[in-house]
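Asker: Sharing model-v7.cif here; it has mmCIF, C-alpha atoms.
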data_final
loop_
_atom_site.label_atom_id
_atom_site.label_comp_id
_atom_site.auth_asym_id
_atom_site.auth_seq_id
_atom_site.Cartn_x
_atom_site.Cartn_y
_atom_site.Cartn_z
CA MET A 201 1.97 -12.53 27.69
CA ARG A 202 3.30 -9.29 26.18
CA THR A 203 2.26 -6.15 28.00
CA CYS A 204 1.19 -2.74 26.74
CA LEU A 205 0.69 0.50 28.65
CA ILE A 206 -1.70 2.98 27.04
CA ILE A 207 -1.09 6.57 28.16
CA ASP A 208 -3.81 9.02 27.16
CA ASP A 209 -5.99 11.47 29.07
CA SER A 210 -9.02 10.51 26.98
CA ARG A 211 -10.86 7.51 28.35
CA ILE A 212 -12.45 6.93 24.96
CA ILE A 213 -9.12 6.82 23.11
CA ARG A 214 -7.75 4.44 25.74
CA LYS A 215 -10.74 2.20 25.24
CA VAL A 216 -10.42 2.17 21.44
CA ALA A 217 -6.68 1.55 21.55
CA ARG A 218 -7.12 -1.13 24.20
CA ARG A 219 -9.48 -3.09 22.00
CA ILE A 220 -7.00 -3.04 19.12
CA VAL A 221 -3.91 -4.09 21.08
CA GLU A 222 -5.81 -6.69 23.10
CA GLY A 223 -6.84 -8.13 19.75
CA LEU A 224 -3.13 -8.52 18.97
CA GLY A 225 -2.60 -10.51 22.14
CA TYR A 226 -1.35 -7.87 24.57
CA GLU A 227 -2.21 -7.56 28.22
CA VAL A 228 -3.16 -3.90 28.62
CA ASP A 229 -2.84 -1.34 31.40
CA GLU A 230 -3.82 2.31 31.28
CA ALA A 231 -2.51 5.62 32.60
CA ALA A 232 -4.14 9.05 32.25
CA ASP A 233 -0.96 11.18 32.25
CA GLY A 234 2.82 10.98 32.11
CA ALA A 235 3.39 11.08 35.84
CA GLU A 236 1.03 8.19 36.48
CA ALA A 237 2.70 6.29 33.68
CA LEU A 238 6.22 6.89 35.06
CA ALA A 239 5.13 5.52 38.43
CA TRP A 240 3.74 2.47 36.66
CA CYS A 241 6.93 1.91 34.65
CA ALA A 242 9.07 2.18 37.78
CA SER A 243 7.39 -0.95 39.11
CA VAL A 244 6.56 -2.89 35.91
CA MET A 245 8.24 -2.03 32.63
CA PRO A 246 5.82 -2.81 29.76
CA ASP A 247 6.92 -4.24 26.39
CA LEU A 248 5.00 -1.62 24.45
CA ILE A 249 3.78 1.92 25.16
CA LEU A 250 1.17 3.93 23.25
CA LEU A 251 1.73 7.55 24.19
CA ASP A 252 -0.38 10.67 23.79
CA TRP A 253 1.34 14.06 23.58
CA ASN A 254 -0.88 16.65 25.25
CA MET A 255 -1.93 15.54 28.72
CA PRO A 256 -2.39 17.26 32.08
CA VAL A 257 0.25 16.92 34.87
CA MET A 258 2.99 15.57 32.59
CA ASP A 259 2.90 15.56 28.79
CA GLY A 260 4.02 12.71 26.54
CA LEU A 261 7.33 14.21 25.46
CA SER A 262 8.48 14.87 29.06
CA PHE A 263 7.40 11.34 29.99
CA LEU A 264 9.36 9.86 27.10
CA LYS A 265 12.56 11.74 27.95
CA GLN A 266 12.36 10.66 31.59
CA LEU A 267 11.49 7.08 30.66
CA ARG A 268 14.49 6.74 28.33
CA ALA A 269 16.77 8.08 31.11
CA GLN A 270 15.54 5.47 33.59
CA PRO A 271 17.28 2.12 34.13
CA GLY A 272 15.60 -0.33 31.73
CA GLY A 273 13.71 2.57 30.17
CA ASP A 274 15.20 1.97 26.75
CA ALA A 275 13.51 -1.44 26.51
CA PRO A 276 9.87 -0.64 25.73
CA LYS A 277 8.88 0.16 22.17
CA VAL A 278 7.14 3.54 22.25
CA LEU A 279 4.52 4.61 19.70
CA PHE A 280 3.53 8.24 19.92
CA CYS A 281 -0.20 8.50 19.10
CA THR A 282 -1.22 12.14 18.82
CA ILE A 283 -3.05 14.80 16.85
CA GLU A 284 0.24 16.63 16.18
CA THR A 285 0.89 16.39 12.43
CA ASP A 286 3.63 18.97 11.86
CA ALA A 287 6.78 17.40 10.50
CA PRO A 288 9.10 19.24 12.97
CA ARG A 289 7.00 18.00 15.92
CA ILE A 290 7.12 14.45 14.60
CA ALA A 291 10.88 14.70 14.21
CA GLU A 292 11.13 16.02 17.79
CA ALA A 293 9.23 12.97 19.07
CA LEU A 294 11.48 10.56 17.20
CA ALA A 295 14.58 12.38 18.45
CA ALA A 296 13.31 12.05 22.02
CA GLY A 297 13.26 8.28 21.62
CA ALA A 298 9.92 7.32 20.08
CA ASP A 299 10.15 4.22 17.88
CA GLU A 300 7.19 5.11 15.72
CA TYR A 301 4.62 7.84 15.38
CA VAL A 302 0.88 7.58 14.74
CA MET A 303 -1.24 10.58 13.79
CA LYS A 304 -4.75 10.60 15.20
CA PRO A 305 -7.29 9.64 14.15
CA PHE A 306 -6.04 6.16 13.33
CA ASP A 307 -7.65 2.79 12.74
CA GLY A 308 -6.73 -0.78 13.59
CA GLU A 309 -4.90 -1.31 10.31
CA ILE A 310 -2.68 1.72 10.78
CA LEU A 311 -1.83 0.75 14.34
CA GLU A 312 -1.07 -2.81 13.26
CA SER A 313 1.16 -1.60 10.45
CA LYS A 314 3.06 0.67 12.86
CA LEU A 315 3.46 -2.17 15.35
CA ALA A 316 4.77 -4.39 12.56
CA GLU A 317 7.27 -1.62 11.79
CA VAL A 318 8.76 -1.86 15.30
CA GLY A 319 8.52 -5.66 15.33
CA MET A 320 5.67 -5.78 17.85
CA ALA A 321 2.64 -6.82 15.75
CA MET B 288 -31.03 -4.17 -11.48
CA LYS B 289 -32.02 -6.42 -14.37
CA PRO B 290 -29.88 -9.56 -14.78
CA GLN B 291 -29.10 -8.70 -18.41
CA GLU B 292 -27.75 -5.31 -17.35
CA PHE B 293 -25.48 -6.82 -14.73
CA GLU B 294 -24.28 -9.35 -17.29
CA HIS B 295 -23.61 -6.63 -19.81
CA LEU B 296 -21.51 -4.69 -17.30
CA GLN B 297 -19.75 -7.91 -16.33
CA GLY B 298 -18.94 -8.59 -19.98
CA LEU B 299 -17.71 -5.06 -20.54
CA LEU B 300 -15.35 -5.25 -17.56
CA ALA B 301 -14.02 -8.66 -18.58
CA SER B 302 -13.47 -7.89 -22.26
CA ARG B 303 -12.05 -4.39 -21.88
CA ALA B 304 -10.21 -4.56 -18.57
CA GLY B 305 -9.94 -8.28 -17.81
CA PHE B 306 -11.70 -7.50 -14.54
CA HIS B 307 -13.93 -10.17 -13.07
CA LEU B 308 -17.07 -8.72 -11.52
CA SER B 309 -18.41 -11.59 -9.46
CA ARG B 310 -22.07 -11.87 -8.45
CA ASP B 311 -21.23 -11.21 -4.81
CA ARG B 312 -20.12 -7.73 -5.86
CA LEU B 313 -23.56 -6.85 -7.14
CA PHE B 314 -23.99 -4.41 -4.24
CA LEU B 315 -20.83 -2.58 -5.35
CA VAL B 316 -22.37 -1.67 -8.70
CA GLU B 317 -24.97 0.62 -7.18
CA HIS B 318 -22.46 2.10 -4.73
CA ARG B 319 -19.70 2.77 -7.28
CA LEU B 320 -21.82 3.87 -10.23
CA ALA B 321 -24.24 6.17 -8.41
CA PRO B 322 -21.84 9.17 -8.45
CA LEU B 323 -21.16 8.64 -12.18
CA ALA B 324 -24.89 8.36 -12.95
CA ARG B 325 -25.51 11.62 -11.08
CA ARG B 326 -22.63 13.39 -12.79
CA GLU B 327 -23.82 12.32 -16.22
CA GLY B 328 -27.42 13.35 -15.55
CA PHE B 329 -29.04 9.93 -15.30
CA GLY B 330 -32.00 9.50 -12.97
CA SER B 331 -30.61 6.24 -11.59
CA VAL B 332 -27.86 3.64 -11.92
CA GLU B 333 -30.45 1.51 -13.70
CA GLN B 334 -30.75 4.17 -16.42
CA LEU B 335 -26.99 4.47 -16.73
CA LEU B 336 -26.66 0.71 -17.19
CA GLN B 337 -29.35 0.78 -19.84
CA ALA B 338 -27.51 3.53 -21.73
CA LEU B 339 -24.32 1.46 -21.52
CA ARG B 340 -26.12 -1.50 -23.04
CA GLU B 341 -27.60 0.49 -25.86
CA GLY B 342 -24.67 2.75 -26.69
CA PRO B 343 -21.21 2.20 -28.15
CA VAL B 344 -18.21 1.65 -25.85
CA GLY B 345 -17.13 5.24 -25.47
CA GLU B 346 -16.20 7.62 -22.69
CA LEU B 347 -19.20 6.74 -20.59
CA ALA B 348 -18.43 3.03 -20.71
CA TRP B 349 -14.80 3.65 -19.78
CA ALA B 350 -15.83 5.88 -16.89
CA ALA B 351 -18.06 3.04 -15.65
CA ILE B 352 -15.25 0.50 -16.06
CA GLU B 353 -12.83 2.70 -14.13
CA ALA B 354 -15.32 3.23 -11.34
CA MET B 355 -15.67 -0.53 -10.86
CA LEU B 356 -11.96 -1.41 -10.69
CA THR B 357 -10.34 -2.30 -7.37
CA THR B 358 -8.08 0.52 -6.24
CA GLU B 359 -7.19 -0.53 -2.71
CA THR B 360 -3.49 -0.33 -2.05
CA TRP B 361 -1.03 0.85 0.55
CA PHE B 362 2.67 1.49 1.08
CA HIS B 363 4.88 -1.63 1.36
CA ARG B 364 1.84 -3.91 1.19
CA ASP B 365 2.73 -7.18 2.99
CA ARG B 366 6.15 -5.73 3.89
CA ALA B 367 8.32 -8.79 3.13
CA PRO B 368 8.24 -8.52 -0.69
CA PHE B 369 9.45 -4.92 -0.45
CA ALA B 370 12.31 -5.92 1.84
CA THR B 371 13.26 -8.67 -0.63
CA PHE B 372 13.14 -6.12 -3.45
CA ARG B 373 15.31 -3.57 -1.64
CA ASP B 374 17.84 -5.89 -0.01
CA GLU B 375 18.21 -8.70 -2.53
CA VAL B 376 16.67 -8.16 -5.96
CA LEU B 377 17.65 -4.53 -6.54
CA PRO B 378 21.40 -4.89 -5.75
CA ALA B 379 21.66 -8.24 -7.56
CA ILE B 380 20.20 -6.91 -10.80
CA ALA B 381 22.05 -3.58 -10.59
CA ARG B 382 25.34 -5.54 -10.50
CA VAL B 383 24.68 -7.17 -13.88
CA ARG B 384 23.20 -4.22 -15.76
CA PRO B 385 25.14 -1.64 -17.77
CA GLY B 386 25.65 1.39 -15.56
CA GLY B 387 23.86 -0.46 -12.78
CA ARG B 388 20.53 0.80 -14.06
CA VAL B 389 17.47 -1.28 -13.15
CA ARG B 390 14.17 -0.99 -15.02
CA ILE B 391 11.09 -1.53 -12.89
CA LEU B 392 7.39 -1.78 -13.74
CA SER B 393 4.53 -1.40 -11.30
CA ALA B 394 1.64 -2.93 -13.25
CA GLY B 395 -1.71 -1.97 -11.81
CA CYS B 396 -0.33 0.76 -9.55
CA ALA B 397 -3.72 2.26 -8.58
CA THR B 398 -3.10 5.40 -6.50
CA GLY B 399 0.69 5.02 -6.57
CA GLN B 400 1.72 3.77 -3.13
CA GLU B 401 3.47 0.76 -4.67
CA PRO B 402 5.71 2.58 -7.20
CA TYR B 403 6.55 5.26 -4.60
CA SER B 404 7.55 2.48 -2.17
CA LEU B 405 9.81 1.02 -4.86
CA ALA B 406 11.26 4.45 -5.65
CA MET B 407 12.09 5.13 -1.99
CA ALA B 408 13.94 1.81 -1.85
CA ALA B 409 15.98 2.67 -4.93
CA LEU B 410 16.76 6.21 -3.77
CA GLU B 411 17.73 5.07 -0.27
CA THR B 412 20.02 2.30 -1.49
CA GLY B 413 21.54 4.51 -4.18
CA VAL B 414 20.55 2.16 -7.03
CA SER B 415 19.87 3.87 -10.33
CA ALA B 416 16.35 2.92 -11.33
CA GLU B 417 13.82 3.73 -13.98
CA ILE B 418 10.37 3.21 -12.50
CA VAL B 419 7.29 3.08 -14.69
CA ALA B 420 3.82 2.68 -13.22
CA PHE B 421 0.79 1.54 -15.22
CA ASP B 422 -2.85 1.70 -14.44
CA LEU B 423 -6.00 1.55 -16.47
CA SER B 424 -7.87 4.22 -14.55
CA THR B 425 -7.17 7.85 -15.42
CA ARG B 426 -8.75 8.94 -12.16
CA THR B 427 -6.47 6.91 -9.93
CA LEU B 428 -3.49 7.87 -12.09
CA GLU B 429 -4.30 11.52 -11.57
CA LYS B 430 -4.18 10.98 -7.83
CA ALA B 431 -1.00 8.92 -8.13
CA ARG B 432 0.72 11.66 -10.13
CA SER B 433 -0.33 14.37 -7.71
CA GLY B 434 0.94 12.15 -4.92
CA LEU B 435 -1.45 13.77 -2.45
CA TYR B 436 -2.36 11.33 0.31
CA THR B 437 -4.68 11.67 3.25
CA GLN B 438 -3.46 11.09 6.77
CA PHE B 439 -5.02 7.60 6.70
CA GLU B 440 -3.41 6.67 3.39
CA ILE B 441 0.03 7.99 4.29
CA GLN B 442 0.11 6.03 7.54
CA ARG B 443 -0.77 2.67 6.03
CA GLY B 444 2.54 0.87 5.71
CA LEU B 445 4.83 3.90 5.61
CA PRO B 446 7.37 4.12 8.47
CA THR B 447 7.51 7.56 10.08
CA ARG B 448 11.18 8.05 9.28
CA GLN B 449 10.40 7.57 5.58
CA LEU B 450 7.42 9.87 5.89
CA LEU B 451 9.62 12.67 7.20
CA ARG B 452 12.37 12.02 4.69
CA TRP B 453 10.27 11.79 1.54
CA PHE B 454 7.01 13.68 2.11
CA ASP B 455 5.91 17.23 2.85
CA ASN B 456 2.93 18.16 4.95
CA GLU B 457 0.34 20.27 3.12
CA GLU B 458 -2.42 21.10 5.58
CA ASP B 459 -4.21 17.78 6.12
CA MET B 460 -2.47 16.03 3.25
CA TRP B 461 1.00 14.71 2.46
CA ARG B 462 2.82 15.01 -0.84
CA PRO B 463 6.05 13.37 -2.07
CA LYS B 464 9.06 15.66 -2.26
CA PRO B 465 10.10 16.51 -5.85
CA GLN B 466 12.93 13.96 -5.89
CA LEU B 467 10.53 11.13 -5.08
CA ARG B 468 7.77 12.36 -7.35
CA GLY B 469 10.22 12.69 -10.20
CA ALA B 470 11.42 9.12 -9.72
CA VAL B 471 8.20 7.52 -11.02
CA ARG B 472 6.67 7.86 -14.46
CA PHE B 473 2.94 7.17 -14.51
CA GLU B 474 1.23 6.01 -17.70
CA ARG B 475 -2.21 4.82 -18.61
CA ALA B 476 -1.92 1.31 -19.98
CA ASN B 477 -4.06 -1.77 -20.38
CA LEU B 478 -2.40 -5.05 -19.41
CA LEU B 479 -4.49 -6.81 -22.05
CA ASP B 480 -2.77 -4.74 -24.74
CA ASP B 481 0.32 -6.27 -26.20
CA PRO B 482 3.20 -5.64 -26.42
CA VAL B 483 3.72 -3.60 -23.28
CA ALA B 484 5.41 -0.28 -24.02
CA GLY B 485 8.94 -0.05 -22.70
CA ALA B 486 9.43 -3.82 -22.17
CA PRO B 487 11.50 -5.67 -21.12
CA PHE B 488 11.59 -4.73 -17.45
CA ASP B 489 14.00 -6.25 -14.91
CA VAL B 490 11.45 -6.26 -12.12
CA VAL B 491 7.68 -6.39 -12.48
CA PHE B 492 5.34 -5.83 -9.56
CA CYS B 493 1.88 -7.01 -10.51
CA ARG B 494 0.27 -7.57 -7.15
CA TYR B 495 -3.38 -8.37 -6.49
CA VAL B 496 -4.26 -7.89 -10.13
CA LEU B 497 -4.66 -11.62 -10.87
CA THR B 498 -7.04 -11.99 -7.92
CA ASP B 499 -9.63 -9.78 -9.59
CA PHE B 500 -8.85 -10.94 -13.10
CA ASP B 501 -11.35 -12.78 -15.25
CA PRO B 502 -10.22 -16.45 -14.95
CA ALA B 503 -10.55 -16.98 -18.70
CA ARG B 504 -8.12 -14.12 -19.35
CA ARG B 505 -5.51 -14.97 -16.69
CA PRO B 506 -3.38 -17.04 -19.09
CA ARG B 507 -3.25 -14.06 -21.44
CA LEU B 508 -2.24 -11.67 -18.65
CA LEU B 509 0.50 -14.05 -17.50
CA ASP B 510 1.66 -14.42 -21.09
CA VAL B 511 1.92 -10.63 -21.40
CA LEU B 512 3.78 -10.45 -18.07
CA GLY B 513 6.17 -13.16 -19.30
CA ARG B 514 7.02 -11.12 -22.36
CA THR B 515 7.26 -7.94 -20.34
CA LEU B 516 9.82 -9.42 -17.95
CA ALA B 517 13.51 -9.71 -18.85
CA ASP B 518 14.74 -13.33 -18.98
CA ASP B 519 16.69 -12.90 -15.75
CA GLY B 520 14.03 -10.66 -14.19
CA CYS B 521 11.85 -10.99 -11.10
CA LEU B 522 8.07 -11.02 -10.96
CA PHE B 523 6.27 -10.11 -7.75
CA LEU B 524 2.67 -11.28 -7.39
CA GLY B 525 0.30 -10.94 -4.44
CA LEU B 526 0.97 -13.37 -1.58
CA ASN B 527 -2.04 -15.57 -2.36
CA GLU B 528 -1.55 -15.42 -6.12
CA THR B 529 0.22 -17.97 -8.31
CA PRO B 530 1.04 -18.02 -12.02
CA ALA B 531 -0.77 -21.39 -12.19
CA ASP B 532 -2.24 -20.56 -15.59
CA ALA B 533 1.08 -19.60 -17.12
CA ALA B 534 1.91 -22.90 -18.83
CA GLY B 535 4.95 -23.41 -16.61
CA ASP B 536 6.69 -20.19 -17.59
CA PHE B 537 7.45 -19.12 -14.01
CA ARG B 538 8.80 -20.85 -10.96
CA ALA B 539 8.46 -19.74 -7.37
CA VAL B 540 11.59 -18.66 -5.53
CA SER B 541 11.63 -20.73 -2.37
CA GLY B 542 11.44 -18.83 0.89
CA ARG B 543 10.33 -15.63 -0.90
CA ARG B 544 6.57 -15.78 -1.05
CA GLY B 545 5.09 -14.04 -4.07
CA LEU B 546 8.42 -13.89 -5.98
CA TYR B 547 8.73 -15.69 -9.32
CA VAL B 548 11.42 -16.04 -11.97
CA LYS B 549 11.26 -17.46 -15.49
CA THR B 550 11.86 -21.17 -16.06
CA PRO B 551 14.63 -22.21 -18.50
CA GLY B 552 11.86 -23.51 -20.78
CA ALA B 553 10.18 -20.14 -20.95
CA VAL B 554 13.47 -18.42 -21.72
CA ARG B 555 14.20 -20.94 -24.53
CA ARG B 556 10.73 -20.50 -26.03
CA ALA B 557 11.14 -16.74 -26.13
CA ALA B 558 14.54 -16.99 -27.86
#
Just dump the structure as structure tokens.

Answerer:
Amino acid sequence: MRTCLIIDDSRIIRKVARRIVEGLGYEVDEAADGAEALAWCASVMPDLILLDWNMPVMDGLSFLKQLRAQPGGDAPKVLFCTIETDAPRIAEALAAGADEYVMKPFDGEILESKLAEVGMA
Amino acid sequence: MKPQEFEHLQGLLASRAGFHLSRDRLFLVEHRLAPLARREGFGSVEQLLQALREGPVGELAWAAIEAMLTTETWFHRDRAPFATFRDEVLPAIARVRPGGRVRILSAGCATGQEPYSLAMAALETGVSAEIVAFDLSTRTLEKARSGLYTQFEIQRGLPTRQLLRWFDNEEDMWRPKPQLRGAVRFERANLLDDPVAGAPFDVVFCRYVLTDFDPARRPRLLDVLGRTLADDGCLFLGLNETPADAAGDFRAVSGRRGLYVKTPGAVRRAA
């Protein structure tokens, strides 16, 4: 089964996102910040990551940069899912190695269309 | 709602717009016409429908027709047909046209996501294209022309890299950059009118129009589409749509769902 790690400090967002990606046939794990997520990825690299930007301890952008520098860290498809909507910020996320970018709030259809974009629907 | 009023509205939509208002959409009538009834000073949708039945088919009737039409659309709907268009159809037709110029029609473009998707493909592949987009509804055309999309609309089917390349952020909304906006010409047109202005077109996208079309008028629509399309052109329909009522004028292109070309018989008949 394909695996997905949802990284977000909001339990509610994690729950909503979990329901959508589970519906697409993913086995889901959750992390509440970037540091927790990095520890997770060091032991099990997921196929897909949904990543929030602003989080305590370690934010999404720092996580992404460190993930991509890790051995095997270029494998997971990473979807940034955040409330940041400024074009320069979006470009920064893509430059740091995000495969796609989702602006919150989003719905199931948007997430599915973004996953299809990176070949993970 | 009285049955005769529903039937009158049904008849109006079918005869003027070719739109089939099925009984299971009865609930939509109240929902879609309530704002119009309020705006026009009617006490209820019931009263509006009565006025429609008693009056001539004027502005009020057209406003009601427009309000009932299906406008749901998104960027690169179903994905594959747009990849086929960009990677196969567009370069193939450009090769055999004078100056490499391809003429494209988005028939039933609603709020414009389809013609803008086609325009991005042409601009990105460097193919010279003239893109015309038709819709019956002045209200959706207004939105299409402005190109202003909400965050939900802009994210449905549009890859982020294309978003950044072709759209500007205006507060909570997104608007096409001038080059993209200038690449599409929007016009109000009725697909039941004949002949279609500007025909023939090399590529016609007419997706999810047949689905909502009055079955009795489908042959006519397909006939119009046949005469709108160049003999060596490509017709894109919705994935679950077929030109079954077209008297054998089109054949499906195998392995490319929703893509149709003219049969030799249809080309001979037209000559």

Asker: Could you give me, as a list in words, the residues within 6 Å of stretch 494-502 of chain B, counting all atoms listed in the file and dropping anything in the same chain fewer than 4 positions from it?

Answerer: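 After dropping sequence-adjacent residues, the list is Ala301, Gly305, Phe306, His307, Leu524 and Gly525 of chain B.
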
Asker: Restrict the calculation to all atoms listed in the file, then for each residue of stretch 389-437 of chain B with any atom at most 12 Å from an atom of stretch 480-487 of chain B give the closest atom pair and their distance in Å to one decimal, rows by chain and rising residue number, as a Markdown table.

Answerer:
| residue | atom | partner | partner_atom | distance |
| --- | --- | --- | --- | --- |
| B:Val389 | CA | B:Pro487 | CA | 10.9 |
| B:Arg390 | CA | B:Pro487 | CA | 8.1 |
| B:Ile391 | CA | B:Pro487 | CA | 9.2 |
| B:Leu392 | CA | B:Ala486 | CA | 8.9 |
| B:Ala394 | CA | B:Val483 | CA | 10.3 |
| B:Glu417 | CA | B:Gly485 | CA | 10.7 |
| B:Ile418 | CA | B:Gly485 | CA | 10.8 |
| B:Val419 | CA | B:Gly485 | CA | 8.8 |
| B:Ala420 | CA | B:Gly485 | CA | 11.1 |
| B:Phe421 | CA | B:Val483 | CA | 10.0 |
| B:Leu423 | CA | B:Asp480 | CA | 10.9 |

Asker: Hey, can you spit out that residue selection with C-alpha atoms as a PDB file, in the frame of the given file?

Answerer:
ATOM      1  CA  VAL B 389      17.470  -1.280 -13.150  1.00  0.00           C
ATOM      2  CA  ARG B 390      14.170  -0.990 -15.020  1.00  0.00           C
ATOM      3  CA  ILE B 391      11.090  -1.530 -12.890  1.00  0.00           C
ATOM      4  CA  LEU B 392       7.390  -1.780 -13.740  1.00  0.00           C
ATOM      5  CA  ALA B 394       1.640  -2.930 -13.250  1.00  0.00           C
ATOM      6  CA  GLU B 417      13.820   3.730 -13.980  1.00  0.00           C
ATOM      7  CA  ILE B 418      10.370   3.210 -12.500  1.00  0.00           C
ATOM      8  CA  VAL B 419       7.290   3.080 -14.690  1.00  0.00           C
ATOM      9  CA  ALA B 420       3.820   2.680 -13.220  1.00  0.00           C
ATOM     10  CA  PHE B 421       0.790   1.540 -15.220  1.00  0.00           C
ATOM     11  CA  LEU B 423      -6.000   1.550 -16.470  1.00  0.00           C
TER      12      LEU B 423
END

Asker: Have a look at A:Pro288, A:Gly273, A:Pro246, A:Gly297 and name the one nearest to chain B; count all atoms listed in the file.

Answerer: A:Pro288

Asker: Expanded to explicit residues, what is the PyMOL selection byres ((chain A and resi 224) around 10) for this file, as a PyMOL selection string?

Answerer: chain A and resi 202+218-223+225-227+312+315+320-321

Asker: Which chain B residues are at most 7 Å from chain A (counting all atoms listed in the file), as a list in words?

Answerer: Phe439, Gln442, Arg443, Gly444, Pro446, Thr447, Leu451 and Asn456 of chain B

Asker: With C-alpha atoms kept, could you save the residues just selected as a JSON list (two decimals), in the frame of the given file?

Answerer:
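Okay, result_13.json is ready:
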[["chain", "number", "residue", "atom", "x", "y", "z"],
["B", 439, "PHE", "CA", -5.02, 7.60, 6.70],
["B", 442, "GLN", "CA", 0.11, 6.03, 7.54],
["B", 443, "ARG", "CA", -0.77, 2.67, 6.03],
["B", 444, "GLY", "CA", 2.54, 0.87, 5.71],
["B", 446, "PRO", "CA", 7.37, 4.12, 8.47],
["B", 447, "THR", "CA", 7.51, 7.56, 10.08],
["B", 451, "LEU", "CA", 9.62, 12.67, 7.20],
["B", 456, "ASN", "CA", 2.93, 18.16, 4.95]]

Asker: Using atom CA of A:Val216 and atom CA of A:Cys281 as the two end points, give the distance in Å to one decimal.

Answerer: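 Between atom CA of A:Val216 and atom CA of A:Cys281 the gap is 12.2 Å.
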
Asker: Please evaluate the PyMOL selection byres ((chain A and resi 277) around 6) against the structure above and give the resulting residues as an NGL selection string.

Answerer: :A and (248 or 276 or 278)
